[in-house]
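What follows is one structure encoded as structure tokens, with my remarks underneath.
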Amino acid sequence: MAKASTKSSAKATKKRKVIVDSVGEAHITASFNNIIISLTNKKGDVISWASAGKMGFRGSKKNTPYAAQVAAEECAKTAHEAGLRKVKVYV
């Protein structure tokens, strides 16, 4: 009987670590089809991001105020766990 190969061909990649200050920037992009929120440090490296589509909204529901609120809450929760406390908002 042939031996089963247990060796994985995919390399294990490390998740890159972003340096998080207590003050950062919130970049909000609202198009006709989606809302994207990115939280960055002062240098511009993305700490956390979320969109209405990533939160599970589809079609015309992606561009609603409620979808933007859900995406902002998810993005803020992830960034708060990383150490971000204050943001400057750019629309």
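Ordering of the structure tokens sets the chain letters (A, B, ...); residue numbers start at 1 within each chain; ligands are numbered from 1 in the order shown.
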
Long-range neighbours of Asn63 of chain A as a JSON list (two decimals) with C-alpha atoms, in the first residue's frame, 9 Å cut-off, only C-alpha atoms, 6 positions minimum in chain:
[["chain", "number", "residue", "atom", "x", "y", "z"],
["A", 30, "ALA", "CA", -18.96, 56.29, 0.27],
["A", 31, "SER", "CA", -19.79, 55.42, -3.33],
["A", 32, "PHE", "CA", -23.13, 54.72, -4.96],
["A", 33, "ASN", "CA", -22.68, 50.98, -4.37],
["A", 34, "ASN", "CA", -20.71, 50.50, -1.14],
["A", 35, "ILE", "CA", -19.26, 52.14, 1.95],
["A", 52, "ALA", "CA", -20.88, 47.12, 4.06],
["A", 57, "PHE", "CA", -25.15, 43.41, 3.05]]

Name the closest residue to Thr29 of chain A among the candidates A:Thr13, A:Ser51, A:Gln69, A:Asn41; distances are taken between atoms, counting only C-alpha atoms.
A:Ser51

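For Val18 of chain A, the list of residues within 10 Å, based on only C-alpha atoms and with local chain neighbours fewer than 6 positions off taken out, reads A:Thr40, A:Asn41, A:Asp45, A:Val46, A:Ile47, A:Ser48, A:Ala82.
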
Would you write out those residues with C-alpha atoms, as a PDB file, in the first residue's frame?
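Contents of part30.pdb, as written:
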ATOM      1  CA  THR A  40      -4.882  53.905   9.661  1.00  0.00           C
ATOM      2  CA  ASN A  41      -2.005  55.119  11.784  1.00  0.00           C
ATOM      3  CA  ASP A  45      -0.599  51.872   7.337  1.00  0.00           C
ATOM      4  CA  VAL A  46      -4.027  50.242   7.608  1.00  0.00           C
ATOM      5  CA  ILE A  47      -4.859  48.993  11.108  1.00  0.00           C
ATOM      6  CA  SER A  48      -8.418  47.874  10.407  1.00  0.00           C
ATOM      7  CA  ALA A  82      -5.191  46.846  18.705  1.00  0.00           C
TER       8      ALA A  82
END

Members of chain A assigned strand (DSSP E) by DSSP, as a ChimeraX atom specification:
/A:23-30,35-40,46-51,86-90

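Candidate residues A:Ala68, A:Leu39, A:Ala12, A:Ile28 were compared for distance to Arg85 of chain A, and the nearest is A:Leu39, using only C-alpha atoms.
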
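Taking atom CA of Pro65 of chain A and atom CA of Trp49 of chain A as the two end points, the separation is 17.2 Å.
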